[in-house]
file input-v4.txt (compact mmCIF, C-alpha atoms)
# COMPACT_ATOMS: atom_id res chain seq x y z
CA MET B 1 -3.54 -15.59 -5.37
CA PHE B 2 -3.99 -16.14 -9.09
CA LYS B 3 -7.57 -16.11 -10.26
CA LYS B 4 -8.54 -17.19 -13.74
CA ARG B 5 -9.86 -14.21 -15.65
CA PRO B 6 -13.56 -14.85 -16.41
CA ASP B 7 -14.95 -14.33 -19.89
CA ILE B 8 -18.01 -12.18 -19.19
CA TYR B 9 -19.67 -12.92 -22.50
CA GLU B 10 -19.31 -16.66 -22.04
CA MET B 11 -20.76 -16.29 -18.56
CA LEU B 12 -23.80 -14.50 -19.98
CA ASP B 13 -24.62 -17.61 -21.97
CA THR B 14 -24.97 -19.52 -18.70
CA LEU B 15 -27.63 -17.15 -17.35
CA SER B 16 -31.36 -17.63 -17.69
CA LEU B 17 -33.52 -14.84 -19.09
CA GLU B 18 -34.68 -13.96 -15.56
CA MET B 19 -31.07 -13.79 -14.33
CA LYS B 20 -30.12 -11.57 -17.27
CA GLU B 21 -33.00 -9.22 -16.49
CA GLU B 22 -31.87 -9.04 -12.84
CA LEU B 23 -28.31 -8.34 -13.98
CA LEU B 24 -29.54 -5.60 -16.30
CA GLU B 25 -31.45 -3.89 -13.48
CA TYR B 26 -28.39 -4.17 -11.23
CA LEU B 27 -26.16 -2.60 -13.88
CA LYS B 28 -28.62 0.22 -14.50
CA ALA B 29 -28.74 1.02 -10.78
CA ASP B 30 -24.98 0.81 -10.48
CA ILE B 31 -24.42 3.12 -13.45
CA ALA B 32 -27.00 5.57 -12.11
CA ALA B 33 -25.28 5.60 -8.69
CA ILE B 34 -21.90 6.26 -10.29
CA LYS B 35 -23.29 9.11 -12.41
CA SER B 36 -25.04 10.72 -9.45
CA ALA B 37 -22.10 10.38 -7.06
CA PRO B 38 -20.15 13.53 -6.10
CA GLN B 39 -17.45 14.38 -8.58
CA LYS B 40 -14.14 12.79 -7.69
CA THR B 41 -11.02 14.87 -7.19
CA TYR B 42 -8.03 14.43 -9.47
CA LEU B 43 -6.32 12.11 -6.97
CA GLU B 44 -9.45 10.05 -6.38
CA GLU B 45 -9.90 9.49 -10.12
CA GLN B 46 -6.29 8.49 -10.66
CA TRP B 47 -6.24 6.22 -7.62
CA ALA B 48 -9.45 4.50 -8.74
CA GLU B 49 -7.75 3.76 -12.06
CA ILE B 50 -4.67 2.37 -10.28
CA MET B 51 -6.92 0.11 -8.21
CA ARG B 52 -8.71 -1.05 -11.36
CA LEU B 53 -5.37 -1.94 -12.93
CA ILE B 54 -4.27 -3.82 -9.83
CA GLU B 55 -7.53 -5.77 -9.84
CA THR B 56 -6.73 -6.73 -13.44
CA LEU B 57 -3.24 -7.88 -12.41
CA LYS B 58 -4.80 -10.25 -9.87
CA TYR B 59 -5.89 -12.44 -12.76
CA GLU B 60 -2.36 -12.84 -14.12
CA PRO B 61 -0.71 -16.23 -13.43
CA TYR B 62 2.61 -14.43 -12.80
CA ILE B 63 3.78 -10.83 -12.67
CA ASP B 64 6.34 -9.83 -15.25
CA ASP B 65 6.01 -6.94 -17.68
CA GLN B 66 2.26 -6.57 -18.07
CA ILE B 67 1.03 -3.35 -19.62
CA GLU B 68 -0.91 -2.57 -16.43
CA ILE B 69 2.39 -2.19 -14.54
CA SER B 70 3.63 0.35 -17.07
CA ASP B 71 0.31 2.17 -16.86
CA ILE B 72 0.59 2.44 -13.07
CA TRP B 73 4.14 3.77 -13.38
CA GLU B 74 2.93 6.41 -15.83
CA ILE B 75 -0.06 7.44 -13.70
CA CYS B 76 2.11 7.86 -10.59
CA GLU B 77 4.78 9.81 -12.43
CA ASP B 78 2.20 12.09 -14.02
CA MET B 79 0.52 12.76 -10.66
CA ILE B 80 3.80 13.61 -8.96
CA LYS B 81 5.03 15.83 -11.80
CA SER B 82 1.69 17.60 -12.20
CA GLY B 83 1.91 19.48 -8.90
CA ARG B 84 -1.83 18.91 -8.45
CA LEU B 85 -1.40 16.70 -5.39
CA ARG B 86 -0.65 19.79 -3.31
CA SER B 87 -4.21 20.99 -3.77
CA GLU B 88 -5.78 17.70 -2.66
CA PRO B 89 -7.40 17.73 0.81
CA TRP B 90 -5.43 15.87 3.46
CA HIS B 91 -8.25 13.41 4.20
CA ILE B 92 -8.15 12.24 0.57
CA ARG B 93 -4.37 12.02 0.44
CA ARG B 94 -4.40 10.18 3.76
CA SER B 95 -6.98 7.69 2.48
CA VAL B 96 -4.76 6.81 -0.48
CA ILE B 97 -1.73 6.51 1.80
CA GLU B 98 -3.66 4.13 4.07
CA SER B 99 -4.43 1.94 1.06
CA ILE B 100 -0.76 1.94 0.04
CA VAL B 101 0.29 1.00 3.57
CA GLU B 102 -2.34 -1.73 3.80
CA GLY B 103 -1.22 -3.09 0.42
CA GLU B 104 2.48 -2.81 1.34
CA TYR B 105 3.11 -0.75 -1.80
CA TYR B 106 1.30 -3.55 -3.69
CA ASP B 107 4.74 -5.05 -4.12
CA GLU B 108 3.29 -8.43 -5.10
CA PHE B 109 2.02 -6.81 -8.30
CA GLY B 110 5.39 -5.40 -9.33
CA VAL B 111 4.58 -1.74 -8.58
CA TYR B 112 6.58 -1.15 -5.39
CA ASP B 113 8.71 1.68 -6.79
CA PRO B 114 5.99 3.92 -8.28
CA LEU B 115 3.73 3.49 -5.25
CA GLU B 116 6.58 4.20 -2.85
CA ASP B 117 7.25 7.41 -4.79
CA LEU B 118 3.57 8.29 -4.61
CA PHE B 119 3.45 7.45 -0.89
CA HIS B 120 6.11 10.07 -0.14
CA ALA B 121 4.67 12.63 -2.57
CA LEU B 122 1.30 12.55 -0.79
CA MET B 123 2.75 13.86 2.49
CA LEU B 124 3.41 17.60 2.40
CA THR B 125 4.15 18.63 5.98
CA THR B 126 6.07 17.36 8.99
CA GLU B 127 2.81 16.95 10.86
CA GLU B 128 1.38 14.75 8.11
CA LYS B 129 4.48 12.57 8.05
CA ILE B 130 4.36 12.05 11.82
CA GLU B 131 0.65 11.22 11.60
CA ILE B 132 1.36 8.59 8.95
CA ALA B 133 4.27 7.17 10.95
CA ASP B 134 1.96 6.88 13.96
CA MET B 135 -0.65 5.19 11.79
CA ILE B 136 1.90 2.70 10.41
CA PHE B 137 3.04 1.71 13.89
CA LYS B 138 -0.55 1.35 15.03
CA THR B 139 -2.03 -0.65 12.14
CA GLY B 140 0.72 -1.35 9.60
CA SER B 141 2.65 -4.56 9.09
CA ASP B 142 6.21 -5.15 10.29
CA TYR B 143 7.17 -4.82 6.62
CA MET B 144 6.00 -1.19 6.65
CA LYS B 145 7.35 -0.19 10.07
CA LYS B 146 10.84 0.41 8.75
CA ASP B 147 9.48 3.18 6.53
CA GLY B 148 7.43 4.50 9.43
CA ALA B 149 10.60 4.68 11.50
CA LEU B 150 12.40 6.53 8.71
CA LEU B 151 9.58 9.08 8.67
CA TYR B 152 10.12 9.63 12.39
CA LYS B 153 13.85 10.11 11.74
CA GLU B 154 13.17 12.55 8.91
CA CYS B 155 10.86 14.57 11.16
CA GLY B 156 13.32 14.75 14.04
CA ARG B 157 11.52 12.22 16.24
CA LEU B 158 14.74 10.37 17.00
CA ASP B 159 13.30 8.89 20.19
CA LYS B 160 10.75 6.91 18.19
CA TYR B 161 13.24 6.06 15.44
CA ILE B 162 15.84 4.79 17.91
CA ALA B 163 13.20 2.79 19.80
CA TYR B 164 12.49 0.98 16.51
CA VAL B 165 16.17 0.37 15.73
CA GLU B 166 16.96 -0.72 19.29
CA ASN B 167 14.43 -3.54 19.05
CA ARG B 168 16.05 -4.82 15.87
CA LEU B 169 19.73 -5.11 16.71
CA TYR B 170 21.10 -8.20 15.04
CA LYS B 171 24.34 -8.95 13.21
CA ASN B 172 25.23 -5.60 11.58
CA GLU B 173 27.29 -2.96 13.37
CA ALA B 174 25.75 0.20 11.86
CA PRO B 175 22.41 0.05 13.75
CA TYR B 176 24.27 -0.43 17.04
CA MET B 177 26.31 2.70 16.34
CA GLU B 178 23.14 4.66 15.59
CA VAL B 179 21.74 3.72 18.97
CA ILE B 180 25.06 4.39 20.71
CA ASP B 181 25.37 7.84 19.12
CA TYR B 182 21.88 8.65 20.34
CA TYR B 183 22.48 7.55 23.92
CA LYS B 184 26.14 8.45 24.50
CA ASN B 185 25.31 11.98 25.68
CA ARG B 186 21.90 11.08 27.14
CA ASP B 187 22.53 7.81 28.94
CA ARG B 188 26.18 6.79 28.74
CA LYS B 189 25.63 3.60 30.72
CA LYS B 190 23.05 2.41 28.23
CA ALA B 191 25.31 3.32 25.31
CA VAL B 192 28.03 1.12 26.84
CA GLU B 193 25.54 -1.73 27.30
CA ILE B 194 24.54 -1.49 23.63
CA ALA B 195 28.20 -1.56 22.56
CA GLU B 196 28.88 -4.62 24.71
CA LEU B 197 25.81 -6.31 23.24
CA GLY B 198 27.16 -5.55 19.77
CA LEU B 199 30.45 -7.29 20.57
CA LYS B 200 28.43 -10.43 21.30
CA LYS B 201 26.05 -10.29 18.35
CA CYS B 202 27.72 -8.44 15.46
CA LYS B 203 29.24 -10.56 12.73
CA ASP B 204 30.15 -8.10 9.97
CA ASP B 205 32.31 -5.61 11.90
CA GLN B 206 33.01 -4.67 15.51
CA THR B 207 35.65 -1.97 15.02
CA GLU B 208 33.61 1.12 15.92
CA LEU B 209 32.01 -0.67 18.85
CA ILE B 210 35.31 -1.52 20.50
CA ILE B 211 36.73 1.94 19.78
CA PHE B 212 33.78 3.44 21.64
CA LEU B 213 34.28 1.12 24.61
CA ILE B 214 38.02 1.80 24.78
CA ARG B 215 37.35 5.54 24.64
CA CYS B 216 34.87 5.21 27.53
CA ALA B 217 37.37 3.19 29.59
CA ARG B 218 40.08 5.80 28.98
CA GLU B 219 37.74 8.65 29.92
CA ASP B 220 36.90 6.78 33.14
CA GLY B 221 40.58 6.19 33.89
CA ASP B 222 39.94 2.44 33.96
CA ASN B 223 43.34 1.23 32.77
CA GLU B 224 42.58 -2.41 33.46
CA LYS B 225 39.47 -2.38 31.32
CA GLU B 226 41.22 -0.45 28.55
CA ALA B 227 44.01 -3.01 28.46
CA SER B 228 41.50 -5.86 28.37
CA LEU B 229 39.63 -4.24 25.48
CA LEU B 230 42.85 -3.64 23.54
CA LYS B 231 43.79 -7.29 23.96
CA SER B 232 40.33 -8.30 22.80
CA ALA B 233 40.57 -5.96 19.80
CA ARG B 234 43.79 -7.66 18.65
CA ALA B 235 42.21 -11.08 18.91
CA ARG B 236 38.90 -10.38 17.18
CA LYS B 237 38.65 -11.16 13.47
CA ALA B 238 35.78 -8.67 13.10
CA VAL B 239 37.95 -5.79 14.36
CA ASP B 240 40.30 -3.77 12.14
CA TYR B 241 43.05 -3.12 14.66
CA SER B 242 44.79 -0.56 12.46
CA LYS B 243 41.66 1.62 12.70
CA VAL B 244 41.59 1.11 16.46
CA SER B 245 45.21 2.27 16.77
CA GLU B 246 44.57 5.26 14.53
CA ALA B 247 41.51 6.27 16.55
CA LEU B 248 43.35 5.94 19.87
CA ASP B 249 46.22 8.08 18.64
CA LYS B 250 43.73 10.92 18.23
CA LEU B 251 42.39 10.67 21.78

call {"tool": "encode", "arguments": {"input": "input-v4.txt", "output": "structure tokens"}}
result
Amino acid sequence: MFKKRPDIYEMLDTLSLEMKEELLEYLKADIAAIKSAPQKTYLEEQWAEIMRLIETLKYEPYIDDQIEISDIWEICEDMIKSGRLRSEPWHIRRSVIESIVEGEYYDEFGVYDPLEDLFHALMLTTEEKIEIADMIFKTGSDYMKKDGALLYKECGRLDKYIAYVENRLYKNEAPYMEVIDYYKNRDRKKAVEIAELGLKKCKDDQTELIIFLIRCAREDGDNEKEASLLKSARARKAVDYSKVSEALDKL
């Protein structure tokens, strides 16, 4: 939400002498605490600056091409190119990642791309990526779970990736085929069920789905079902029958 940027010096004019003295003491204590705090690591310093810039962006009435956005791009690029992130302790890298996940890449401030790049650069091992994927599915938003699922896929945790995809089968054929490819040698019956579901729900294309079902019917020696599927393939607008014929010629 847009907040009007306050003019600090104008605000000072509204304070009484007593309030100014209290503010002065507060600032002295705050400065002293900052100076006496443990020295920040490279990542902590850079992330604190990114957060400061994002706080500044919160006062903008709209997000366009503010200098703060360019500054965040530059900070992220410099961190990634520096190679210094590899020497940062995991608990610090993880803390920054958690903030990025919670802020959903701070997309509302126009910095999705640099923070997505930083998000991936902060994970160095397969174990770290799986830990972050687990964290996203435990506390992250639905918006972030797609990236959590992709981390599982990258790390070879296809069971978790497919579980995510399987719960989000809608109008596009490709996700159905991903699930079918996963199950066809593990649970053929389920793969067939997914293909049949796709024929009911897919709107963009059904060609690969019906090829798979025809292949299964032929392997089972179910001539009646194969004939029915071929008839259906000819009648469906979402099926490229020339591809079906070509695929069957190779069986």

call {"tool": "residues_around", "arguments": {"input": "input-v4.txt", "residues": "Arg168 (chain B)", "least_positions_apart": "3", "cutoff": "12 Å", "atoms": "only C-alpha atoms", "output": "list in words"}}
result
Asp142, Lys145, Lys146, Ala149, Tyr161, Ile162, Ala163, Tyr164, Val165, Lys171, Asn172, Glu173, Ala174, Pro175, Tyr176, Glu178, Val179, Ile194, Gly198 and Lys201 of chain B

call {"tool": "closest_residue", "arguments": {"input": "input-v4.txt", "among": "B:Ser70, B:Ser141, B:Ser95, B:Thr14", "to": "Asp113 (chain B)", "atoms": "all atoms listed in the file"}}
result
B:Ser70

call {"tool": "closest_residue", "arguments": {"input": "input-v4.txt", "among": "B:Ile72, B:Ile31, B:Val244, B:Cys202", "to": "Ala48 (chain B)", "atoms": "only C-alpha atoms"}}
result
B:Ile72

call {"tool": "closest_residue", "arguments": {"input": "input-v4.txt", "among": "B:Thr56, B:Tyr241, B:Met11, B:Ala37", "to": "Leu23 (chain B)", "atoms": "only C-alpha atoms"}}
result
B:Met11

call {"tool": "residues_around", "arguments": {"input": "input-v4.txt", "residues": "region 216-227 of chain B", "least_positions_apart": "2", "cutoff": "12 Å", "atoms": "all atoms listed in the file", "output": "PyMOL selection string"}}
result
chain B and resi 180+184-185+188-189+191-193+195-196+209-214+229-234+248+251

call {"tool": "atom_distance", "arguments": {"input": "input-v4.txt", "atom1": "CA of Ala238 (chain B)", "atom2": "CA of Asp205 (chain B)"}}
result
4.8 Å

call {"tool": "residues_around", "arguments": {"input": "input-v4.txt", "residues": "Ser87 (chain B)", "least_positions_apart": "5", "cutoff": "12 Å", "atoms": "all atoms listed in the file", "output": "PyMOL selection string"}}
result
chain B and resi 41-43+79+82+92-93+122-124

call {"tool": "residues_around", "arguments": {"input": "input-v4.txt", "residues": "Asp71 (chain B)", "least_positions_apart": "5", "cutoff": "9 Å", "atoms": "all atoms listed in the file", "output": "list in words"}}
result
Ile50, Leu53 and Cys76 of chain B

call {"tool": "closest_residue", "arguments": {"input": "input-v4.txt", "among": "B:Tyr62, B:Tyr105, B:Trp90, B:Tyr143", "to": "Thr125 (chain B)", "atoms": "all atoms listed in the file"}}
result
B:Trp90

call {"tool": "atom_distance", "arguments": {"input": "input-v4.txt", "atom1": "CA of His91 (chain B)", "atom2": "CA of Tyr106 (chain B)"}}
result
21.0 Å

call {"tool": "atom_distance", "arguments": {"input": "input-v4.txt", "atom1": "CA of Glu55 (chain B)", "atom2": "CA of Ile80 (chain B)"}}
result
22.5 Å

call {"tool": "closest_residue", "arguments": {"input": "input-v4.txt", "among": "B:Leu151, B:Leu115, B:Ala32, B:Met19", "to": "Ile130 (chain B)", "atoms": "all atoms listed in the file"}}
result
B:Leu151

call {"tool": "axis_aligned_box", "arguments": {"input": "input-v4.txt", "around": "region 218-225 of chain B", "padding_each_side": "5 Å", "output": "AutoDock Vina command-line options"}}
result
--center_x 40.1 --center_y 3.1 --center_z 31.5 --size_x 16.4 --size_y 21.1 --size_z 15.0

call {"tool": "residues_around", "arguments": {"input": "input-v4.txt", "residues": "Asp107 (chain B)", "least_positions_apart": "5", "cutoff": "12 Å", "atoms": "only C-alpha atoms", "output": "PDB file with C-alpha atoms, in the frame of the given file"}}
result
ATOM      1  CA  ILE B  54      -4.270  -3.820  -9.830  1.00  0.00           C
ATOM      2  CA  LEU B  57      -3.240  -7.880 -12.410  1.00  0.00           C
ATOM      3  CA  ILE B  63       3.780 -10.830 -12.670  1.00  0.00           C
ATOM      4  CA  ILE B  69       2.390  -2.190 -14.540  1.00  0.00           C
ATOM      5  CA  ILE B 100      -0.760   1.940   0.040  1.00  0.00           C
ATOM      6  CA  VAL B 101       0.290   1.000   3.570  1.00  0.00           C
ATOM      7  CA  GLU B 102      -2.340  -1.730   3.800  1.00  0.00           C
ATOM      8  CA  TYR B 112       6.580  -1.150  -5.390  1.00  0.00           C
ATOM      9  CA  ASP B 113       8.710   1.680  -6.790  1.00  0.00           C
ATOM     10  CA  PRO B 114       5.990   3.920  -8.280  1.00  0.00           C
ATOM     11  CA  LEU B 115       3.730   3.490  -5.250  1.00  0.00           C
ATOM     12  CA  GLU B 116       6.580   4.200  -2.850  1.00  0.00           C
ATOM     13  CA  TYR B 143       7.170  -4.820   6.620  1.00  0.00           C
ATOM     14  CA  MET B 144       6.000  -1.190   6.650  1.00  0.00           C
TER      15      MET B 144
END

call {"tool": "closest_residue", "arguments": {"input": "input-v4.txt", "among": "B:Tyr183, B:Tyr59, B:Tyr152, B:Phe137", "to": "Phe109 (chain B)", "atoms": "only C-alpha atoms"}}
result
B:Tyr59
